[in-house]
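*Asks:* So here's final-v5.cif (mmCIF, C-alpha atoms and all ligand atoms).
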```cif
data_upload
#
loop_
_atom_site.label_atom_id
_atom_site.label_comp_id
_atom_site.auth_asym_id
_atom_site.auth_seq_id
_atom_site.Cartn_x
_atom_site.Cartn_y
_atom_site.Cartn_z
CA MET A 1 -10.90 25.98 14.95
CA ILE A 2 -11.13 22.38 16.11
CA LEU A 3 -8.64 19.81 14.84
CA ALA A 4 -10.23 16.35 14.88
CA LEU A 5 -8.18 13.18 14.40
CA ALA A 6 -10.14 10.25 13.02
CA GLY A 7 -9.94 6.72 11.67
CA GLY A 8 -12.89 4.63 10.50
CA VAL A 9 -16.47 4.23 11.71
CA GLY A 10 -16.46 5.62 15.29
CA GLY A 11 -14.20 8.50 14.31
CA ALA A 12 -16.28 9.28 11.26
CA LYS A 13 -19.49 9.42 13.30
CA LEU A 14 -18.10 11.96 15.78
CA ALA A 15 -16.56 13.92 12.89
CA ALA A 16 -20.03 14.06 11.33
CA GLY A 17 -21.44 15.26 14.66
CA LEU A 18 -18.82 18.01 14.82
CA ALA A 19 -19.54 18.94 11.19
CA ALA A 20 -23.23 19.18 12.02
CA ILE A 21 -22.64 21.91 14.60
CA LEU A 22 -19.45 23.69 13.47
CA PRO A 23 -19.18 25.83 10.33
CA PRO A 24 -16.65 24.56 7.75
CA GLU A 25 -13.96 27.09 8.72
CA GLU A 26 -14.08 25.95 12.36
CA LEU A 27 -13.31 22.26 11.81
CA ALA A 28 -10.56 20.27 10.11
CA ILE A 29 -10.67 16.47 10.16
CA VAL A 30 -7.29 14.76 9.80
CA VAL A 31 -7.71 11.14 8.76
CA ASN A 32 -5.53 8.03 9.17
CA THR A 33 -4.06 6.67 5.94
CA GLY A 34 -2.17 3.78 7.57
CA ASP A 35 -4.82 1.35 6.23
CA ASP A 36 -4.28 2.48 2.64
CA PHE A 37 -3.06 0.03 0.03
CA GLU A 38 -3.08 -0.74 -3.64
CA HIS A 39 -5.54 -3.41 -4.69
CA LEU A 40 -6.56 -4.53 -8.18
CA GLY A 41 -4.32 -1.70 -9.39
CA LEU A 42 -6.35 0.89 -7.47
CA ASN A 43 -5.46 3.22 -4.57
CA ILE A 44 -7.77 2.34 -1.68
CA CYS A 45 -8.06 4.76 1.29
CA PRO A 46 -10.57 3.10 3.65
CA ASP A 47 -10.65 5.66 6.45
CA ILE A 48 -10.75 8.70 4.14
CA ASP A 49 -13.66 7.08 2.33
CA THR A 50 -15.47 6.16 5.55
CA VAL A 51 -15.19 9.77 6.77
CA THR A 52 -16.22 11.16 3.38
CA TYR A 53 -19.20 8.82 2.96
CA THR A 54 -20.30 9.41 6.57
CA LEU A 55 -20.23 13.20 6.21
CA ALA A 56 -22.04 12.85 2.88
CA GLY A 57 -24.71 10.73 4.60
CA ILE A 58 -24.19 7.75 2.27
CA ALA A 59 -22.09 5.42 4.46
CA ASN A 60 -23.13 1.78 4.63
CA PRO A 61 -24.26 1.28 8.26
CA GLU A 62 -24.32 -2.53 8.10
CA LEU A 63 -20.81 -3.02 6.71
CA GLY A 64 -19.09 -0.06 8.42
CA TRP A 65 -17.31 0.71 5.13
CA GLY A 66 -18.43 1.50 1.61
CA ILE A 67 -21.66 3.03 0.37
CA ALA A 68 -25.25 2.30 1.47
CA GLY A 69 -27.46 0.43 -0.99
CA GLU A 70 -24.38 -0.86 -2.79
CA SER A 71 -24.49 -3.43 -5.63
CA TRP A 72 -21.75 -5.98 -6.28
CA ALA A 73 -21.81 -6.82 -10.01
CA PHE A 74 -18.13 -5.87 -10.44
CA MET A 75 -16.98 -8.06 -7.54
CA GLU A 76 -19.09 -11.02 -8.70
CA GLN A 77 -17.51 -10.75 -12.12
CA VAL A 78 -13.98 -10.52 -10.67
CA ALA A 79 -14.69 -13.70 -8.65
CA LYS A 80 -16.09 -15.46 -11.73
CA LEU A 81 -12.89 -14.65 -13.63
CA GLY A 82 -10.84 -16.18 -10.81
CA GLY A 83 -9.58 -12.76 -9.64
CA GLU A 84 -8.98 -11.54 -6.10
CA SER A 85 -12.27 -11.20 -4.27
CA TRP A 86 -11.23 -11.27 -0.60
CA PHE A 87 -11.39 -7.47 -0.44
CA ARG A 88 -14.80 -6.40 -1.72
CA LEU A 89 -15.21 -3.27 -3.81
CA GLY A 90 -18.84 -2.34 -4.41
CA ASP A 91 -19.90 -0.93 -7.77
CA ARG A 92 -20.41 2.65 -6.54
CA ASP A 93 -17.41 2.57 -4.21
CA LEU A 94 -15.33 1.37 -7.17
CA ALA A 95 -15.86 4.72 -8.89
CA THR A 96 -14.15 6.45 -5.94
CA HIS A 97 -11.04 4.26 -6.24
CA VAL A 98 -10.88 4.57 -10.03
CA GLU A 99 -11.20 8.35 -9.93
CA ARG A 100 -8.71 8.72 -7.04
CA THR A 101 -6.22 6.46 -8.81
CA ARG A 102 -6.58 8.39 -12.08
CA ARG A 103 -5.88 11.69 -10.35
CA LEU A 104 -2.95 10.37 -8.29
CA ARG A 105 -1.37 8.88 -11.43
CA GLY A 106 -1.83 12.31 -13.03
CA GLY A 107 0.42 13.71 -10.31
CA GLU A 108 -2.13 15.25 -7.91
CA ARG A 109 -1.43 14.92 -4.20
CA LEU A 110 -3.75 12.75 -2.08
CA THR A 111 -4.76 15.91 -0.17
CA VAL A 112 -6.00 17.56 -3.36
CA VAL A 113 -7.77 14.44 -4.59
CA THR A 114 -9.47 13.93 -1.21
CA GLU A 115 -10.66 17.53 -1.21
CA ALA A 116 -12.04 17.21 -4.76
CA LEU A 117 -13.94 14.01 -3.93
CA ALA A 118 -15.37 15.58 -0.75
CA ARG A 119 -16.55 18.62 -2.73
CA ALA A 120 -18.17 16.31 -5.29
CA HIS A 121 -20.20 14.85 -2.42
CA GLY A 122 -21.24 18.33 -1.32
CA ILE A 123 -19.07 18.28 1.83
CA ALA A 124 -17.93 21.77 2.84
CA HIS A 125 -15.77 20.74 5.82
CA ARG A 126 -12.09 19.92 5.39
CA ILE A 127 -11.08 16.25 5.25
CA VAL A 128 -7.27 16.11 5.32
CA PRO A 129 -5.18 12.94 4.81
CA MET A 130 -2.56 12.57 7.55
CA ALA A 131 0.08 12.09 4.85
CA ASP A 132 0.40 12.44 1.08
CA ASP A 133 3.14 9.80 0.89
CA PRO A 134 2.41 6.15 1.72
CA ALA A 135 2.52 5.53 5.49
CA PRO A 136 1.45 1.90 5.79
CA THR A 137 0.77 0.27 9.15
CA ILE A 138 2.40 -3.16 9.49
CA VAL A 139 1.07 -5.71 11.96
CA HIS A 140 3.62 -7.96 13.67
CA SER A 141 1.69 -11.05 14.75
CA ASP A 142 2.00 -14.70 15.68
CA GLU A 143 1.65 -15.29 11.93
CA GLY A 144 4.55 -12.96 11.17
CA ARG A 145 4.70 -9.52 9.60
CA LEU A 146 1.41 -8.70 7.87
CA ALA A 147 0.35 -5.82 5.64
CA PHE A 148 -2.60 -4.08 7.33
CA GLN A 149 -5.39 -5.32 5.08
CA ASP A 150 -3.92 -8.82 5.06
CA TYR A 151 -4.33 -8.75 8.84
CA PHE A 152 -7.66 -6.93 8.96
CA VAL A 153 -9.66 -8.30 6.04
CA ARG A 154 -7.90 -11.34 4.60
CA ARG A 155 -7.17 -12.85 8.03
CA GLN A 156 -10.21 -11.18 9.71
CA CYS A 157 -8.06 -9.88 12.62
CA ARG A 158 -7.51 -13.50 13.74
CA PRO A 159 -3.70 -13.35 14.14
CA ARG A 160 -2.48 -12.39 17.60
CA VAL A 161 -1.00 -8.88 17.52
CA GLU A 162 2.47 -8.62 19.04
CA ARG A 163 3.44 -5.12 17.92
CA LEU A 164 2.43 -2.46 15.41
CA GLU A 165 4.99 -0.96 13.07
CA LEU A 166 3.98 2.62 12.23
CA ALA A 167 5.41 4.95 9.58
CA ALA A 168 7.42 7.20 11.90
CA ASN A 169 9.69 8.59 9.19
CA VAL A 170 6.90 9.80 6.92
CA ARG A 171 6.13 13.52 6.99
CA PRO A 172 2.60 14.74 7.65
CA SER A 173 0.82 16.10 4.57
CA ALA A 174 1.49 19.79 3.88
CA ALA A 175 -2.10 20.56 4.90
CA PHE A 176 -1.80 18.68 8.21
CA ASP A 177 1.61 20.26 8.79
CA ALA A 178 0.11 23.74 8.36
CA LEU A 179 -2.81 22.87 10.66
CA ILE A 180 -0.43 21.77 13.44
CA ASP A 181 1.04 25.30 13.47
CA ASP A 182 -2.22 27.14 12.74
CA PRO A 183 -2.80 29.71 15.51
CA ALA A 184 -6.56 29.33 14.97
CA ILE A 185 -6.50 25.79 16.47
CA GLU A 186 -8.18 25.97 19.90
CA ALA A 187 -8.37 22.25 20.70
CA VAL A 188 -7.55 18.80 19.38
CA ILE A 189 -10.26 16.14 19.56
CA ILE A 190 -9.21 12.51 19.17
CA CYS A 191 -12.30 10.76 17.86
CA PRO A 192 -13.38 7.35 19.26
CA SER A 193 -11.37 5.38 16.71
CA ASN A 194 -9.03 2.50 17.53
CA PRO A 195 -6.04 4.12 19.34
CA TRP A 196 -3.56 1.50 18.08
CA LEU A 197 -4.75 1.07 14.49
CA SER A 198 -6.22 4.48 13.65
CA ILE A 199 -4.90 7.23 15.94
CA ASP A 200 -1.33 6.12 16.72
CA PRO A 201 -0.46 6.06 12.97
CA ILE A 202 -1.35 9.80 12.85
CA LEU A 203 0.58 10.66 16.03
CA ALA A 204 3.58 8.55 14.96
CA LEU A 205 4.30 10.63 11.82
CA ALA A 206 7.51 12.64 11.97
CA GLY A 207 7.20 15.34 14.65
CA VAL A 208 3.42 15.18 15.01
CA ARG A 209 3.03 14.03 18.62
CA ASP A 210 5.56 16.50 20.05
CA ARG A 211 4.40 19.42 17.92
CA LEU A 212 0.73 18.92 18.85
CA ARG A 213 1.63 18.64 22.53
CA ALA A 214 3.79 21.78 22.29
CA ARG A 215 0.82 23.80 21.01
CA GLY A 216 -0.51 23.94 24.57
CA VAL A 217 -4.15 23.69 23.46
CA PRO A 218 -6.45 21.15 25.14
CA ILE A 219 -6.17 17.66 23.66
CA VAL A 220 -9.02 15.29 24.49
CA ALA A 221 -9.89 11.78 23.37
CA ILE A 222 -13.15 9.86 23.38
CA SER A 223 -12.83 6.28 24.62
CA PRO A 224 -13.78 3.67 22.00
CA ILE A 225 -14.22 1.10 24.80
CA VAL A 226 -17.60 0.96 26.56
CA GLY A 227 -18.41 -1.56 29.24
CA GLY A 228 -15.21 -3.51 28.63
CA LYS A 229 -16.03 -4.00 24.94
CA ALA A 230 -15.04 -2.21 21.75
CA VAL A 231 -18.02 -0.36 20.30
CA LYS A 232 -16.90 -1.79 16.93
CA GLY A 233 -13.88 -3.60 15.55
CA PRO A 234 -10.90 -5.39 17.11
CA ALA A 235 -9.75 -2.81 19.71
CA ALA A 236 -10.67 -5.05 22.68
CA LYS A 237 -8.99 -8.11 21.15
CA ILE A 238 -5.80 -6.14 20.41
CA MET A 239 -5.71 -4.60 23.90
CA ALA A 240 -5.99 -8.05 25.48
CA GLU A 241 -3.22 -9.36 23.20
CA LEU A 242 -0.97 -6.44 24.13
CA GLY A 243 -1.62 -7.07 27.83
CA ILE A 244 -3.60 -3.86 28.38
CA PRO A 245 -6.75 -3.85 30.57
CA VAL A 246 -9.77 -3.78 28.24
CA SER A 247 -11.45 -0.73 29.75
CA SER A 248 -11.59 3.02 29.45
CA ALA A 249 -8.88 3.05 32.13
CA GLY A 250 -6.70 1.09 29.66
CA ILE A 251 -7.41 3.74 27.01
CA ALA A 252 -6.54 6.51 29.50
CA ALA A 253 -3.24 4.77 30.30
CA HIS A 254 -2.44 4.55 26.59
CA TYR A 255 -3.04 8.26 25.97
CA ARG A 256 -1.57 9.46 29.30
CA GLY A 257 1.11 12.12 28.80
CA PHE A 258 -0.45 13.19 25.51
CA VAL A 259 -4.09 13.99 26.20
CA ASP A 260 -5.44 16.35 28.86
CA GLY A 261 -8.80 14.67 29.01
CA LEU A 262 -10.71 11.50 28.19
CA VAL A 263 -14.44 11.27 27.55
CA LEU A 264 -15.87 8.02 28.89
CA ASP A 265 -19.28 6.58 28.43
CA MET A 266 -21.75 6.87 31.30
CA ALA A 267 -21.58 3.07 31.57
CA ASP A 268 -17.90 3.39 32.54
CA ALA A 269 -18.38 5.79 35.47
CA GLY A 270 -16.77 3.07 37.60
CA ASP A 271 -13.50 3.46 35.66
CA MET A 272 -13.06 7.07 36.74
CA GLU A 273 -11.30 6.34 40.01
CA ALA A 274 -8.78 4.08 38.23
CA ILE A 275 -7.77 6.96 35.93
CA ALA A 276 -5.00 9.27 37.14
CA GLY A 277 -3.26 12.11 35.34
CA VAL A 278 -6.07 12.55 32.80
CA ARG A 279 -9.21 14.60 33.39
CA THR A 280 -12.44 12.75 32.64
CA LEU A 281 -15.88 13.63 31.35
CA LEU A 282 -18.85 11.28 31.39
CA ALA A 283 -21.07 11.45 28.31
CA GLY A 284 -23.28 9.27 26.14
CA THR A 285 -20.73 8.00 23.61
CA ILE A 286 -22.84 5.44 21.74
CA MET A 287 -23.79 7.06 18.42
CA LYS A 288 -26.77 5.33 16.82
CA SER A 289 -28.50 8.38 15.34
CA ALA A 290 -27.49 11.74 13.88
CA GLY A 291 -28.87 13.25 17.10
CA ASP A 292 -26.49 11.10 19.19
CA ARG A 293 -23.51 12.27 17.10
CA ALA A 294 -24.38 15.94 17.43
CA ARG A 295 -25.09 15.60 21.17
CA LEU A 296 -21.71 13.95 21.86
CA ALA A 297 -19.97 16.52 19.65
CA ALA A 298 -21.67 19.35 21.58
CA ASP A 299 -20.75 17.79 24.96
CA VAL A 300 -17.09 17.44 23.94
CA LEU A 301 -16.95 20.97 22.50
CA ALA A 302 -18.49 22.48 25.63
CA TRP A 303 -15.81 20.67 27.66
CA VAL A 304 -12.77 21.75 25.60
CA ARG A 305 -13.78 25.32 24.81
N1 LIG A 401 -13.47 -4.47 5.33
C1 LIG A 401 -13.77 -5.77 5.39
O1 LIG A 401 -13.82 -6.33 6.48
N2 LIG A 401 -13.99 -6.50 4.22
C2 LIG A 401 -13.93 -5.94 3.00
O2 LIG A 401 -14.13 -6.62 1.99
C3 LIG A 401 -13.64 -4.54 2.92
C4 LIG A 401 -13.62 -3.86 1.72
C5 LIG A 401 -13.41 -2.47 1.70
C6 LIG A 401 -13.46 -1.77 0.51
C7 LIG A 401 -13.26 -0.40 0.48
C8 LIG A 401 -12.99 0.27 1.68
O3 LIG A 401 -12.80 1.60 1.66
C9 LIG A 401 -12.94 -0.41 2.88
C10 LIG A 401 -13.16 -1.79 2.91
N3 LIG A 401 -13.12 -2.49 4.11
C11 LIG A 401 -13.40 -3.83 4.14
C12 LIG A 401 -12.79 -1.80 5.36
C13 LIG A 401 -11.28 -1.65 5.52
O4 LIG A 401 -10.66 -2.89 5.59
C14 LIG A 401 -10.85 -0.85 6.76
O5 LIG A 401 -9.47 -0.62 6.68
C15 LIG A 401 -11.15 -1.53 8.07
O6 LIG A 401 -12.51 -1.47 8.29
C16 LIG A 401 -10.44 -0.86 9.24
O7 LIG A 401 -10.83 0.48 9.38
CA CA A 402 -9.22 2.05 9.83
#
```
Show the structure stored in the file as structure tokens.
Ligand code: FO1
Ligand code: CA

*Replies:*
Amino acid sequence: MILALAGGVGGAKLAAGLAAILPPEELAIVVNTGDDFEHLGLNICPDIDTVTYTLAGIANPELGWGIAGESWAFMEQVAKLGGESWFRLGDRDLATHVERTRRLRGGERLTVVTEALARAHGIAHRIVPMADDPAPTIVHSDEGRLAFQDYFVRRQCRPRVERLELAANVRPSAAFDALIDDPAIEAVIICPSNPWLSIDPILALAGVRDRLRARGVPIVAISPIVGGKAVKGPAAKIMAELGIPVSSAGIAAHYRGFVDGLVLDMADAGDMEAIAGVRTLLAGTIMKSAGDRARLAADVLAWVR
């Protein structure tokens, strides 16, 4: 079995590629919940929803979140009433948050709710929240201490990041906990999500980093930086603000001591000599089509197995 760790868009695409070639019992996708928050009285889980919608084939490719072909009547009405409209919930997406919130308030764990929503979309593979309890990521910036979505959406990632505060005292979900010890796990694949915002929150949970490392199975990551730029999102801006070289070598340095290998894009072949202590594989990491996702997934699997 492959244990994949994922955040939003880039992670979801590779997870979909893995799901396209591995049977459901051979893949578990553990998803970041550090972005989660309560908004308009609803429990919002952006990365779980991005992974779910991507595996279901209904993700919105233009926005990078939410559902394709979305309508916005609810949001327009909220704005008309003078309500909060900085964080946009589409009409179809809204149903996800309402149903998740209803179930959570009824006492179901996030793991169970996530599984039920995935099944409703016809997804057979396991999508596992990293934690059942809240594990919010806090951004310390030149504008002070910001809740994640205040930084990401309200302030459009404009504040300068000084440090990330991750939920290190929160336990992994029971399902993730069991996966960490599952003898069937043959490798861990860190999807090309933002290492600081999406992957570190998973690894920071109580005991996770050390326990995964102690398994002794190959751990490989896919660089989300190609040609000195983030494929999507603020990874490059954050790296520069943290004083880290904006390159796949910078990603390798970040994961050094935890991963055995890093997959870099063909465009970054020149970075290979700057990377020490981490094995490297060159592959096509830009995923525009379903074929691209499956090809990268197959390349990574062939390397770790
Ligand atoms: N990202 C935005 O930039 N603007 C939004 O209005 C927005 C709404 C939204 C609604 C539901 C959802 O699941 C995600 C949403 N996102 C939005 C994405 C979210 O902020 C993610 O945490 C980031 O994309 C980082 O992964
Ligand atoms: Ca995210």

*Asks:* A:Pro234: which residues within 9 Å, counting all atoms listed in the file, same-chain residues fewer than 5 positions away excluded, as a list in words?

*Replies:* Phe152, Cys157, Asn194 and Met239 of chain A

*Asks:* Return as number ranges by chain every polymer residue, whether protein, DNA or RNA, with at least one atom no more than 10 Å from an atom of ligand CA 402 (chain A); count all atoms listed in the file.

*Replies:* A: 6-11, 31-36, 45-48, 50, 65, 148-149, 152, 193-194, 197-199, 233

*Asks:* Kindly compute an axis-aligned box around the listed atoms of ligand LIG 401 (chain A), allowing 8 Å on each side, and express its centre and edge lengths in Å to one decimal as AutoDock Vina command-line options.

*Replies:*
```
--center_x -11.8 --center_y -2.5 --center_z 4.9 --size_x 20.7 --size_y 24.2 --size_z 24.9
```

*Asks:* With distances taken over all atoms listed in the file, which of A:Ile29, A:Tyr53, A:Leu3, A:Gly41 is nearest to ligand LIG 401 (chain A)?

*Replies:*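 Of all the options, A:Tyr53 lies closest to ligand LIG 401 (chain A).
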
*Asks:* What gap, in Å, lies between atom C7 of ligand LIG 401 (chain A) and atom CA of A:Arg126?

*Replies:*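 These atoms are spaced 20.9 Å apart.
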
*Asks:* So how far away is atom CA of A:Leu94 from atom CA of A:Met75, in Å?

*Replies:* 9.6 Å

*Asks:* In terms of the shortest atom-to-atom distance over all atoms listed in the file, which of A:Ile180, A:Leu42, A:Ala167, A:Met130 is closest to ligand LIG 401 (chain A)?

*Replies:*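 The closest residue to ligand LIG 401 (chain A) is A:Leu42.
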
*Asks:* Report, in Å to a single decimal, how far apart atom CA of A:Trp196 and atom CA of A:Asp150 are.

*Replies:* 16.6 Å

*Asks:* Closest to ligand LIG 401 (chain A) among A:Asp142, A:Asp299, A:Glu62, A:Asp177, using all atoms listed in the file?

*Replies:*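 Distance minimum relative to ligand LIG 401 (chain A) lands on A:Glu62.
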
*Asks:* Counting all atoms listed in the file, figure out which residue out of A:Ile21, A:Ala253, A:Glu70, A:Asp268 gets nearest to A:Ala294.

*Replies:* A:Ile21

*Asks:* Which of these residues is nearest to A:Val170, using all atoms listed in the file: A:Ala240, A:Val208, A:Ala4, A:Glu143?

*Replies:*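 Nearest to A:Val170: A:Val208.
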
*Asks:* Select, from A:Asp93, A:Glu186, A:Glu76, A:Glu26, the residue with the minimum atom-to-atom distance to ligand LIG 401 (chain A), counting all atoms listed in the file.

*Replies:* A:Asp93

*Asks:* If we count only C-alpha atoms and set the cut-off at 9 Å, which residues sit around A:Ala249, ignoring sequence neighbours fewer than 4 positions away in its own chain? Please answer as a VMD selection string.

*Replies:* chain A and resid 245 253 to 254 271 to 276

*Asks:* With N, CA, C and O atoms as the target, complete stretch 81-104 of chain A and hand it back as an mmCIF file, in the frame of the given file.

*Replies:*
```
data_model
loop_
_atom_site.group_PDB
_atom_site.id
_atom_site.type_symbol
_atom_site.label_atom_id
_atom_site.label_comp_id
_atom_site.auth_asym_id
_atom_site.auth_seq_id
_atom_site.Cartn_x
_atom_site.Cartn_y
_atom_site.Cartn_z
ATOM 1 N N LEU A 81 -14.094 -14.589 -12.791
ATOM 2 C CA LEU A 81 -12.890 -14.650 -13.630
ATOM 3 C C LEU A 81 -11.704 -15.257 -12.877
ATOM 4 O O LEU A 81 -10.609 -15.361 -13.415
ATOM 5 N N GLY A 82 -11.926 -15.592 -11.603
ATOM 6 C CA GLY A 82 -10.840 -16.180 -10.810
ATOM 7 C C GLY A 82 -9.925 -15.119 -10.211
ATOM 8 O O GLY A 82 -8.823 -15.414 -9.762
ATOM 9 N N GLY A 83 -10.385 -13.844 -10.189
ATOM 10 C CA GLY A 83 -9.580 -12.760 -9.640
ATOM 11 C C GLY A 83 -9.653 -12.699 -8.129
ATOM 12 O O GLY A 83 -10.279 -13.540 -7.489
ATOM 13 N N GLU A 84 -9.006 -11.689 -7.558
ATOM 14 C CA GLU A 84 -8.980 -11.540 -6.100
ATOM 15 C C GLU A 84 -10.287 -10.953 -5.595
ATOM 16 O O GLU A 84 -10.626 -9.823 -5.950
ATOM 17 N N SER A 85 -10.981 -11.702 -4.762
ATOM 18 C CA SER A 85 -12.270 -11.200 -4.270
ATOM 19 C C SER A 85 -12.352 -11.164 -2.752
ATOM 20 O O SER A 85 -13.425 -10.962 -2.197
ATOM 21 N N TRP A 86 -11.211 -11.307 -2.073
ATOM 22 C CA TRP A 86 -11.230 -11.270 -0.600
ATOM 23 C C TRP A 86 -11.489 -9.872 -0.070
ATOM 24 O O TRP A 86 -12.007 -9.704 1.032
ATOM 25 N N PHE A 87 -11.153 -8.859 -0.840
ATOM 26 C CA PHE A 87 -11.390 -7.470 -0.440
ATOM 27 C C PHE A 87 -12.447 -6.928 -1.398
ATOM 28 O O PHE A 87 -12.220 -6.798 -2.595
ATOM 29 N N ARG A 88 -13.638 -6.656 -0.859
ATOM 30 C CA ARG A 88 -14.800 -6.400 -1.720
ATOM 31 C C ARG A 88 -14.965 -4.919 -2.064
ATOM 32 O O ARG A 88 -15.101 -4.086 -1.181
ATOM 33 N N LEU A 89 -14.970 -4.636 -3.342
ATOM 34 C CA LEU A 89 -15.210 -3.270 -3.810
ATOM 35 C C LEU A 89 -16.578 -3.217 -4.476
ATOM 36 O O LEU A 89 -16.811 -3.865 -5.509
ATOM 37 N N GLY A 90 -17.490 -2.482 -3.856
ATOM 38 C CA GLY A 90 -18.840 -2.340 -4.410
ATOM 39 C C GLY A 90 -18.809 -1.519 -5.689
ATOM 40 O O GLY A 90 -17.849 -0.781 -5.952
ATOM 41 N N ASP A 91 -19.866 -1.611 -6.469
ATOM 42 C CA ASP A 91 -19.900 -0.930 -7.770
ATOM 43 C C ASP A 91 -19.770 0.594 -7.642
ATOM 44 O O ASP A 91 -19.058 1.227 -8.411
ATOM 45 N N ARG A 92 -20.477 1.177 -6.697
ATOM 46 C CA ARG A 92 -20.410 2.650 -6.540
ATOM 47 C C ARG A 92 -19.082 3.065 -5.907
ATOM 48 O O ARG A 92 -18.450 4.023 -6.334
ATOM 49 N N ASP A 93 -18.682 2.313 -4.895
ATOM 50 C CA ASP A 93 -17.410 2.570 -4.210
ATOM 51 C C ASP A 93 -16.249 2.495 -5.213
ATOM 52 O O ASP A 93 -15.305 3.287 -5.147
ATOM 53 N N LEU A 94 -16.366 1.556 -6.152
ATOM 54 C CA LEU A 94 -15.330 1.370 -7.170
ATOM 55 C C LEU A 94 -15.016 2.680 -7.896
ATOM 56 O O LEU A 94 -13.853 2.972 -8.196
ATOM 57 N N ALA A 95 -16.053 3.451 -8.163
ATOM 58 C CA ALA A 95 -15.860 4.720 -8.890
ATOM 59 C C ALA A 95 -14.915 5.644 -8.098
ATOM 60 O O ALA A 95 -14.076 6.341 -8.693
ATOM 61 N N THR A 96 -15.034 5.631 -6.773
ATOM 62 C CA THR A 96 -14.150 6.450 -5.940
ATOM 63 C C THR A 96 -12.689 6.054 -6.158
ATOM 64 O O THR A 96 -11.819 6.906 -6.359
ATOM 65 N N HIS A 97 -12.428 4.745 -6.117
ATOM 66 C CA HIS A 97 -11.040 4.260 -6.240
ATOM 67 C C HIS A 97 -10.484 4.504 -7.634
ATOM 68 O O HIS A 97 -9.307 4.842 -7.783
ATOM 69 N N VAL A 98 -11.325 4.334 -8.647
ATOM 70 C CA VAL A 98 -10.880 4.570 -10.030
ATOM 71 C C VAL A 98 -10.540 6.047 -10.221
ATOM 72 O O VAL A 98 -9.486 6.399 -10.753
ATOM 73 N N GLU A 99 -11.413 6.916 -9.745
ATOM 74 C CA GLU A 99 -11.200 8.350 -9.930
ATOM 75 C C GLU A 99 -9.997 8.839 -9.102
ATOM 76 O O GLU A 99 -9.180 9.637 -9.578
ATOM 77 N N ARG A 100 -9.862 8.340 -7.869
ATOM 78 C CA ARG A 100 -8.710 8.720 -7.040
ATOM 79 C C ARG A 100 -7.415 8.262 -7.699
ATOM 80 O O ARG A 100 -6.448 9.027 -7.791
ATOM 81 N N THR A 101 -7.421 7.028 -8.199
ATOM 82 C CA THR A 101 -6.220 6.460 -8.810
ATOM 83 C C THR A 101 -5.845 7.264 -10.063
ATOM 84 O O THR A 101 -4.672 7.590 -10.278
ATOM 85 N N ARG A 102 -6.835 7.605 -10.871
ATOM 86 C CA ARG A 102 -6.580 8.390 -12.080
ATOM 87 C C ARG A 102 -5.916 9.719 -11.731
ATOM 88 O O ARG A 102 -4.910 10.107 -12.320
ATOM 89 N N ARG A 103 -6.433 10.384 -10.727
ATOM 90 C CA ARG A 103 -5.880 11.690 -10.350
ATOM 91 C C ARG A 103 -4.484 11.569 -9.746
ATOM 92 O O ARG A 103 -3.603 12.384 -10.038
ATOM 93 N N LEU A 104 -4.286 10.562 -8.894
ATOM 94 C CA LEU A 104 -2.950 10.370 -8.290
ATOM 95 C C LEU A 104 -1.920 10.065 -9.380
ATOM 96 O O LEU A 104 -0.816 10.603 -9.365
#
```
